[in-house]
$ cat coords_30.cif   # mmCIF, C-alpha atoms and all ligand atoms
data_protein
#
loop_
_atom_site.group_PDB
_atom_site.id
_atom_site.type_symbol
_atom_site.label_atom_id
_atom_site.label_comp_id
_atom_site.auth_asym_id
_atom_site.auth_seq_id
_atom_site.Cartn_x
_atom_site.Cartn_y
_atom_site.Cartn_z
ATOM 1 C CA MET U 4 0.000 0.000 0.000
ATOM 2 C CA ASN U 5 1.467 3.373 -0.865
ATOM 3 C CA SER U 6 0.481 6.378 1.177
ATOM 4 C CA ILE U 7 0.750 10.124 1.137
ATOM 5 C CA ILE U 8 0.268 12.864 3.711
ATOM 6 C CA VAL U 9 -1.172 16.102 2.312
ATOM 7 C CA TYR U 10 -1.592 19.227 4.425
ATOM 8 C CA GLY U 11 -3.170 22.677 4.265
ATOM 9 C CA SER U 12 -1.560 25.210 6.593
ATOM 10 C CA HIS U 13 -1.421 29.006 6.686
ATOM 11 C CA TYR U 14 0.790 29.549 9.721
ATOM 12 C CA GLY U 15 2.647 26.264 10.157
ATOM 13 C CA THR U 16 0.985 24.394 13.035
ATOM 14 C CA THR U 17 -0.693 21.875 10.695
ATOM 15 C CA LYS U 18 2.520 21.614 8.707
ATOM 16 C CA ARG U 19 4.416 20.736 11.884
ATOM 17 C CA TYR U 20 1.952 17.931 12.705
ATOM 18 C CA ALA U 21 2.088 16.697 9.097
ATOM 19 C CA GLU U 22 5.888 16.645 9.043
ATOM 20 C CA GLU U 23 6.087 14.884 12.399
ATOM 21 C CA LEU U 24 3.550 12.293 11.205
ATOM 22 C CA SER U 25 5.663 11.820 8.087
ATOM 23 C CA LYS U 26 8.790 11.338 10.194
ATOM 24 C CA ARG U 27 7.107 8.776 12.417
ATOM 25 C CA THR U 28 5.509 6.774 9.604
ATOM 26 C CA ASN U 29 7.997 7.238 6.776
ATOM 27 C CA ILE U 30 5.198 8.490 4.548
ATOM 28 C CA LYS U 31 5.901 11.237 2.045
ATOM 29 C CA VAL U 32 4.410 14.649 2.936
ATOM 30 C CA ILE U 33 3.330 17.445 0.594
ATOM 31 C CA SER U 34 1.363 20.697 0.732
ATOM 32 C CA PHE U 35 -2.083 20.648 -0.908
ATOM 33 C CA LYS U 36 -0.828 23.494 -3.084
ATOM 34 C CA LYS U 37 1.653 21.146 -4.742
ATOM 35 C CA ILE U 38 -0.477 18.037 -5.232
ATOM 36 C CA ASN U 39 -2.142 17.376 -8.577
ATOM 37 C CA GLN U 40 -3.619 14.308 -10.293
ATOM 38 C CA GLN U 41 -0.698 12.270 -8.921
ATOM 39 C CA ILE U 42 -2.807 11.894 -5.766
ATOM 40 C CA ASN U 43 -4.668 9.126 -7.578
ATOM 41 C CA GLU U 44 -1.535 6.941 -7.428
ATOM 42 C CA TYR U 45 -1.916 6.506 -3.665
ATOM 43 C CA ASP U 46 -4.035 3.972 -1.776
ATOM 44 C CA ASN U 47 -3.920 5.760 1.569
ATOM 45 C CA ILE U 48 -4.499 9.485 1.718
ATOM 46 C CA ILE U 49 -3.996 11.282 5.003
ATOM 47 C CA TYR U 50 -5.227 14.868 4.823
ATOM 48 C CA LEU U 51 -4.392 17.358 7.583
ATOM 49 C CA GLY U 52 -5.937 20.807 7.389
ATOM 50 C CA GLY U 53 -6.065 23.891 9.605
ATOM 51 C CA LEU U 54 -9.575 25.004 10.596
ATOM 52 C CA TYR U 55 -10.590 28.373 9.195
ATOM 53 C CA ALA U 56 -14.130 29.494 10.092
ATOM 54 C CA GLY U 57 -15.152 25.848 10.130
ATOM 55 C CA GLY U 58 -13.514 25.054 6.791
ATOM 56 C CA VAL U 59 -10.643 22.573 6.584
ATOM 57 C CA LEU U 60 -7.988 24.417 4.606
ATOM 58 C CA GLY U 61 -7.406 22.837 1.183
ATOM 59 C CA MET U 62 -9.415 19.681 1.921
ATOM 60 C CA SER U 63 -12.231 19.864 -0.612
ATOM 61 C CA LYS U 64 -9.879 21.119 -3.315
ATOM 62 C CA THR U 65 -7.621 18.118 -2.710
ATOM 63 C CA ILE U 66 -10.369 15.535 -2.411
ATOM 64 C CA LYS U 67 -11.977 16.723 -5.654
ATOM 65 C CA LYS U 68 -8.837 15.546 -7.439
ATOM 66 C CA LEU U 69 -9.629 11.930 -6.551
ATOM 67 C CA ASN U 70 -11.171 10.053 -9.473
ATOM 68 C CA ASN U 71 -12.102 6.858 -7.677
ATOM 69 C CA ILE U 72 -12.103 6.216 -3.941
ATOM 70 C CA LEU U 73 -13.313 2.635 -4.035
ATOM 71 C CA ASN U 74 -10.160 0.959 -2.741
ATOM 72 C CA LYS U 75 -8.722 3.919 -0.947
ATOM 73 C CA LYS U 76 -8.340 4.659 2.721
ATOM 74 C CA ILE U 77 -8.975 8.291 3.585
ATOM 75 C CA ILE U 78 -8.011 9.891 6.864
ATOM 76 C CA ILE U 79 -8.972 13.489 7.591
ATOM 77 C CA VAL U 80 -7.293 15.361 10.446
ATOM 78 C CA THR U 81 -8.355 18.844 11.507
ATOM 79 C CA VAL U 82 -6.078 21.232 13.387
ATOM 80 C CA GLY U 83 -7.847 24.004 15.252
ATOM 81 C CA LEU U 84 -7.685 26.236 18.257
ATOM 82 C CA SER U 85 -10.838 24.998 19.945
ATOM 83 C CA ASP U 86 -10.754 21.972 22.217
ATOM 84 C CA PRO U 87 -11.552 18.787 20.264
ATOM 85 C CA MET U 88 -12.213 16.924 23.514
ATOM 86 C CA ASP U 89 -15.394 19.002 23.815
ATOM 87 C CA GLU U 90 -18.131 16.824 22.275
ATOM 88 C CA VAL U 91 -20.219 19.734 20.988
ATOM 89 C CA ASN U 92 -17.170 21.204 19.310
ATOM 90 C CA LYS U 93 -16.231 17.848 17.792
ATOM 91 C CA ASN U 94 -19.743 17.484 16.383
ATOM 92 C CA ASN U 95 -19.607 20.999 14.951
ATOM 93 C CA ILE U 96 -16.307 20.262 13.227
ATOM 94 C CA ARG U 97 -17.700 17.005 11.797
ATOM 95 C CA ASN U 98 -20.901 18.662 10.600
ATOM 96 C CA ASN U 99 -18.801 21.262 8.857
ATOM 97 C CA ILE U 100 -16.685 18.571 7.187
ATOM 98 C CA LYS U 101 -19.910 16.922 5.973
ATOM 99 C CA LYS U 102 -20.691 20.096 4.041
ATOM 100 C CA GLN U 103 -17.270 20.196 2.405
ATOM 101 C CA VAL U 104 -17.008 16.663 0.976
ATOM 102 C CA SER U 105 -19.362 14.198 -0.726
ATOM 103 C CA LYS U 106 -21.503 11.820 1.329
ATOM 104 C CA GLU U 107 -19.409 8.923 0.014
ATOM 105 C CA ILE U 108 -16.159 10.467 1.265
ATOM 106 C CA PHE U 109 -17.685 11.541 4.584
ATOM 107 C CA GLU U 110 -18.891 8.018 5.299
ATOM 108 C CA LYS U 111 -15.624 6.455 4.278
ATOM 109 C CA ALA U 112 -13.192 8.825 5.971
ATOM 110 C CA LYS U 113 -11.727 8.283 9.413
ATOM 111 C CA ILE U 114 -11.731 11.668 11.107
ATOM 112 C CA PHE U 115 -9.393 12.945 13.829
ATOM 113 C CA HIS U 116 -8.904 16.291 15.536
ATOM 114 C CA LEU U 117 -5.749 17.951 16.799
ATOM 115 C CA ARG U 118 -5.143 21.227 18.583
ATOM 116 C CA GLY U 119 -2.869 23.773 16.951
ATOM 117 C CA GLY U 120 -2.010 27.262 18.079
ATOM 118 C CA ILE U 121 -2.091 30.889 17.078
ATOM 119 C CA ASP U 122 0.243 33.865 17.080
ATOM 120 C CA TYR U 123 -1.728 37.068 16.520
ATOM 121 C CA SER U 124 1.427 38.992 15.649
ATOM 122 C CA LYS U 125 1.815 36.743 12.579
ATOM 123 C CA LEU U 126 -1.766 36.921 11.265
ATOM 124 C CA ASN U 127 -2.354 38.653 7.955
ATOM 125 C CA PHE U 128 -4.698 41.621 7.794
ATOM 126 C CA THR U 129 -7.750 39.642 6.662
ATOM 127 C CA HIS U 130 -7.344 37.018 9.371
ATOM 128 C CA LYS U 131 -6.746 39.660 12.058
ATOM 129 C CA THR U 132 -9.901 41.471 10.981
ATOM 130 C CA MET U 133 -11.925 38.240 10.945
ATOM 131 C CA MET U 134 -10.753 37.370 14.465
ATOM 132 C CA LYS U 135 -11.564 40.856 15.723
ATOM 133 C CA LEU U 136 -15.105 40.632 14.353
ATOM 134 C CA LEU U 137 -15.606 37.152 15.781
ATOM 135 C CA TYR U 138 -14.143 38.165 19.145
ATOM 136 C CA ASN U 139 -16.386 41.212 19.381
ATOM 137 C CA ALA U 140 -19.391 39.037 18.589
ATOM 138 C CA VAL U 141 -18.734 36.536 21.385
ATOM 139 C CA LYS U 142 -16.821 38.354 24.130
ATOM 140 C CA ASN U 143 -19.936 39.566 25.950
ATOM 141 C CA LEU U 144 -21.979 36.386 25.615
ATOM 142 C CA PRO U 145 -22.964 34.894 28.970
ATOM 143 C CA GLU U 146 -20.690 31.959 29.795
ATOM 144 C CA GLU U 147 -23.448 29.354 29.395
ATOM 145 C CA LYS U 148 -24.000 30.507 25.840
ATOM 146 C CA GLN U 149 -20.346 30.329 24.830
ATOM 147 C CA THR U 150 -19.237 27.355 22.754
ATOM 148 C CA ALA U 151 -15.795 25.740 23.124
ATOM 149 C CA GLU U 152 -14.826 27.657 20.016
ATOM 150 C CA ASP U 153 -15.920 30.965 21.572
ATOM 151 C CA ARG U 154 -14.066 30.170 24.780
ATOM 152 C CA ALA U 155 -10.874 29.259 22.939
ATOM 153 C CA MET U 156 -11.039 32.518 21.041
ATOM 154 C CA ILE U 157 -11.723 34.674 24.117
ATOM 155 C CA GLU U 158 -8.931 33.021 26.109
ATOM 156 C CA THR U 159 -6.343 33.346 23.354
ATOM 157 C CA TYR U 160 -7.352 36.631 21.696
ATOM 158 C CA ASN U 161 -4.349 38.752 20.721
ATOM 159 C CA LYS U 162 -1.946 36.253 22.267
ATOM 160 C CA LYS U 163 0.539 33.664 21.146
ATOM 161 C CA VAL U 164 -0.479 30.164 22.204
ATOM 162 C CA ASN U 165 0.715 26.720 21.262
ATOM 163 C CA PHE U 166 -1.325 23.586 22.017
ATOM 164 C CA ILE U 167 0.666 21.318 19.712
ATOM 165 C CA ASP U 168 1.037 17.881 21.255
ATOM 166 C CA PHE U 169 2.737 15.295 19.050
ATOM 167 C CA SER U 170 1.612 12.458 21.351
ATOM 168 C CA ASP U 171 -1.878 13.039 19.906
ATOM 169 C CA LEU U 172 -0.506 11.674 16.632
ATOM 170 C CA ASP U 173 -0.407 8.158 18.124
ATOM 171 C CA LYS U 174 -4.088 7.481 17.436
ATOM 172 C CA ILE U 175 -3.601 8.578 13.828
ATOM 173 C CA ILE U 176 -0.489 6.428 13.422
ATOM 174 C CA ASN U 177 -2.515 3.438 14.719
ATOM 175 C CA GLU U 178 -5.165 4.089 12.095
ATOM 176 C CA VAL U 179 -2.564 4.503 9.324
ATOM 177 C CA GLN U 180 -0.923 1.207 10.237
ATOM 178 C CA LYS U 181 -4.177 -0.788 10.534
HETATM 179 C C1 LIG X 201 -9.365 33.589 10.549
HETATM 180 C C2 LIG X 201 -9.235 32.394 11.435
HETATM 181 C C3 LIG X 201 -10.312 31.521 11.590
HETATM 182 C C4 LIG X 201 -10.208 30.398 12.430
HETATM 183 N N1 LIG X 201 -11.281 29.552 12.571
HETATM 184 C C5 LIG X 201 -11.186 28.501 13.429
HETATM 185 C C6 LIG X 201 -12.284 27.616 13.629
HETATM 186 O O1 LIG X 201 -13.339 27.748 13.003
HETATM 187 N N2 LIG X 201 -12.157 26.623 14.534
HETATM 188 C C7 LIG X 201 -10.992 26.417 15.238
HETATM 189 O O2 LIG X 201 -10.920 25.500 16.049
HETATM 190 N N3 LIG X 201 -9.903 27.206 15.045
HETATM 191 C C8 LIG X 201 -9.988 28.243 14.166
HETATM 192 N N4 LIG X 201 -8.900 29.050 13.952
HETATM 193 C C9 LIG X 201 -7.627 28.721 14.584
HETATM 194 C C10 LIG X 201 -6.732 27.879 13.643
HETATM 195 O O3 LIG X 201 -7.408 26.744 13.207
HETATM 196 C C11 LIG X 201 -5.462 27.476 14.357
HETATM 197 O O4 LIG X 201 -4.717 28.651 14.573
HETATM 198 C C12 LIG X 201 -4.640 26.448 13.601
HETATM 199 O O5 LIG X 201 -3.606 25.977 14.433
HETATM 200 C C13 LIG X 201 -4.112 27.045 12.314
HETATM 201 O O6 LIG X 201 -3.407 26.114 11.548
HETATM 202 P P1 LIG X 201 -2.131 26.568 10.684
HETATM 203 O O7 LIG X 201 -1.114 27.151 11.638
HETATM 204 O O8 LIG X 201 -1.633 25.276 10.105
HETATM 205 O O9 LIG X 201 -2.578 27.524 9.637
HETATM 206 C C14 LIG X 201 -8.976 30.151 13.116
HETATM 207 C C15 LIG X 201 -7.898 31.037 12.942
HETATM 208 C C16 LIG X 201 -8.012 32.131 12.112
HETATM 209 C C17 LIG X 201 -6.827 33.056 11.955
#
$ encode --input "coords_30.cif" --output "structure tokens" --more "lines below"
Ligand SMILES: Cc1cc2nc3c(=O)[nH]c(=O)nc-3n(C[C@H](O)[C@H](O)[C@H](O)COP(=O)(O)O)c2cc1C
Amino acid sequence: MNSIIVYGSHYGTTKRYAEELSKRTNIKVISFKKINQQINEYDNIIYLGGLYAGGVLGMSKTIKKLNNILNKKIIIVTVGLSDPMDEVNKNNIRNNIKKQVSKEIFEKAKIFHLRGGIDYSKLNFTHKTMMKLLYNAVKNLPEEKQTAEDRAMIETYNKKVNFIDFSDLDKIINEVQK
């Protein structure tokens, strides 16, 4: 079985997970920006994407390149700021993924969630503006109305935080090696 790790990352946290996964599994790693029809040569596709307003960066663009998924194993890994141990948050992420891929892919894919990080000093203008708008919309919500996503944003707003934990890759490595 030949495998490939493809990632979508703006600021490097997803890339770091993807490269570490590659190191630990000896599977080739490539950015979604560089992958083309050659993706069809692989039996196992492991896609890691940063979460941006619920979207998994580069995922649907990459998956659309697949001609036939019949004998393929597809693993989707999201990397976000919000806590994936929070069940509501996990369900939200999965419901969002459902909207970004076909039913066939959604049912076939094994889905995992990792926590990334953020450094506001590195954000581009658009992302900074988006975060400001989102922050202003949630900062005064009563606590019981805040989602895990809201809480993560309020707690980390304008800061530099890093939740990267490579030991969380173990469950993905198990799935890859199954
Ligand atoms: C504009 C913007 C939108 C984001 N939206 C989400 C989100 O919907 N859910 C989430 O958990 N994290 C969200 N994040 C946080 C990123 O997913 C997190 O910083 C991740 O580690 C980024 O991956 P990257 O460094 O590989 O680009 C957002 C960050 C930015 C800047």
$ resolve_selection --input "coords_30.cif" --expression "the PyMOL selection byres (((not hetatm)) within 6 of (chain X and resi 201))" --output "list in words"
Ser12, His13, Tyr14, Gly15, Thr16, Thr17, Lys18, Gly53, Leu54, Tyr55, Ala56, Gly57, Val82, Gly83, Leu84, Ser85, Gly119, Gly120, Ile121, His130, Met133, Met134 and Glu152 of chain U
$ residues_around --input "coords_30.cif" --residues "Leu137 of chain U" --least-positions-apart "4" --cutoff "10 Å" --atoms "all atoms listed in the file" --output "PyMOL selection string"
chain U and resi 56+131-133+141-142+153+156-157
$ atom_distance --input "coords_30.cif" --atom1 "atom CA of Ile66 of chain U" --atom2 "atom CA of Ala151 of chain U"
28.0 Å
$ atom_distance --input "coords_30.cif" --atom1 "atom CA of Ile96 of chain U" --atom2 "atom CA of Asn5 of chain U"
28.3 Å
$ residues_around --input "coords_30.cif" --residues "Ile7 of chain U" --least-positions-apart "3" --cutoff "10 Å" --atoms "only C-alpha atoms" --output "mmCIF file with C-alpha atoms, in the frame of the given file"
data_model
loop_
_atom_site.group_PDB
_atom_site.id
_atom_site.type_symbol
_atom_site.label_atom_id
_atom_site.label_comp_id
_atom_site.auth_asym_id
_atom_site.auth_seq_id
_atom_site.Cartn_x
_atom_site.Cartn_y
_atom_site.Cartn_z
ATOM 1 C CA TYR U 10 -1.592 19.227 4.425
ATOM 2 C CA SER U 25 5.663 11.820 8.087
ATOM 3 C CA ASN U 29 7.997 7.238 6.776
ATOM 4 C CA ILE U 30 5.198 8.490 4.548
ATOM 5 C CA LYS U 31 5.901 11.237 2.045
ATOM 6 C CA VAL U 32 4.410 14.649 2.936
ATOM 7 C CA ILE U 33 3.330 17.445 0.594
ATOM 8 C CA ILE U 42 -2.807 11.894 -5.766
ATOM 9 C CA GLU U 44 -1.535 6.941 -7.428
ATOM 10 C CA TYR U 45 -1.916 6.506 -3.665
ATOM 11 C CA ASP U 46 -4.035 3.972 -1.776
ATOM 12 C CA ASN U 47 -3.920 5.760 1.569
ATOM 13 C CA ILE U 48 -4.499 9.485 1.718
ATOM 14 C CA ILE U 49 -3.996 11.282 5.003
ATOM 15 C CA TYR U 50 -5.227 14.868 4.823
#
$ residues_around --input "coords_30.cif" --residues "Ile175 of chain U" --least-positions-apart "2" --cutoff "12 Å" --atoms "all atoms listed in the file" --output "PyMOL selection string"
chain U and resi 8+20-21+23-25+27-28+49-51+77-81+113-117+169-173+177-181
$ atom_distance --input "coords_30.cif" --atom1 "atom CA of Thr65 of chain U" --atom2 "atom CA of Asn98 of chain U"
18.8 Å
$ resolve_selection --input "coords_30.cif" --expression "the PyMOL selection byres (((chain U and resi 64) around 12) and not hetatm)" --output "PyMOL selection string"
chain U and resi 9-11+34-40+42+50+52+58-63+65-69+103-104
$ write_last_selection --input "coords_30.cif" --atoms "C-alpha atoms" --output "PDB file, in the coordinates of the input"
ATOM      1  CA  VAL U   9      -1.172  16.102   2.312  1.00  0.00           C
ATOM      2  CA  TYR U  10      -1.592  19.227   4.425  1.00  0.00           C
ATOM      3  CA  GLY U  11      -3.170  22.677   4.265  1.00  0.00           C
ATOM      4  CA  SER U  34       1.363  20.697   0.732  1.00  0.00           C
ATOM      5  CA  PHE U  35      -2.083  20.648  -0.908  1.00  0.00           C
ATOM      6  CA  LYS U  36      -0.828  23.494  -3.084  1.00  0.00           C
ATOM      7  CA  LYS U  37       1.653  21.146  -4.742  1.00  0.00           C
ATOM      8  CA  ILE U  38      -0.477  18.037  -5.232  1.00  0.00           C
ATOM      9  CA  ASN U  39      -2.142  17.376  -8.577  1.00  0.00           C
ATOM     10  CA  GLN U  40      -3.619  14.308 -10.293  1.00  0.00           C
ATOM     11  CA  ILE U  42      -2.807  11.894  -5.766  1.00  0.00           C
ATOM     12  CA  TYR U  50      -5.227  14.868   4.823  1.00  0.00           C
ATOM     13  CA  GLY U  52      -5.937  20.807   7.389  1.00  0.00           C
ATOM     14  CA  GLY U  58     -13.514  25.054   6.791  1.00  0.00           C
ATOM     15  CA  VAL U  59     -10.643  22.573   6.584  1.00  0.00           C
ATOM     16  CA  LEU U  60      -7.988  24.417   4.606  1.00  0.00           C
ATOM     17  CA  GLY U  61      -7.406  22.837   1.183  1.00  0.00           C
ATOM     18  CA  MET U  62      -9.415  19.681   1.921  1.00  0.00           C
ATOM     19  CA  SER U  63     -12.231  19.864  -0.612  1.00  0.00           C
ATOM     20  CA  THR U  65      -7.621  18.118  -2.710  1.00  0.00           C
ATOM     21  CA  ILE U  66     -10.369  15.535  -2.411  1.00  0.00           C
ATOM     22  CA  LYS U  67     -11.977  16.723  -5.654  1.00  0.00           C
ATOM     23  CA  LYS U  68      -8.837  15.546  -7.439  1.00  0.00           C
ATOM     24  CA  LEU U  69      -9.629  11.930  -6.551  1.00  0.00           C
ATOM     25  CA  GLN U 103     -17.270  20.196   2.405  1.00  0.00           C
ATOM     26  CA  VAL U 104     -17.008  16.663   0.976  1.00  0.00           C
TER      27      VAL U 104
END
$ axis_aligned_box --input "coords_30.cif" --around "segment 100-107 of chain U" --padding-each-side "4 Å" --output "JSON"
{"center_x": -19.1, "center_y": 14.6, "center_z": 3.2, "size_x": 12.8, "size_y": 19.3, "size_z": 15.9}
$ closest_residue --input "coords_30.cif" --among "U:Arg97, U:Ala112, U:Asp86, U:Gln41" --to "Leu73 of chain U" --atoms "all atoms listed in the file"
U:Ala112
$ closest_residue --input "coords_30.cif" --among "U:Lys148, U:Arg118, U:Lys174, U:Lys125" --to "Lys93 of chain U" --atoms "all atoms listed in the file"
U:Arg118
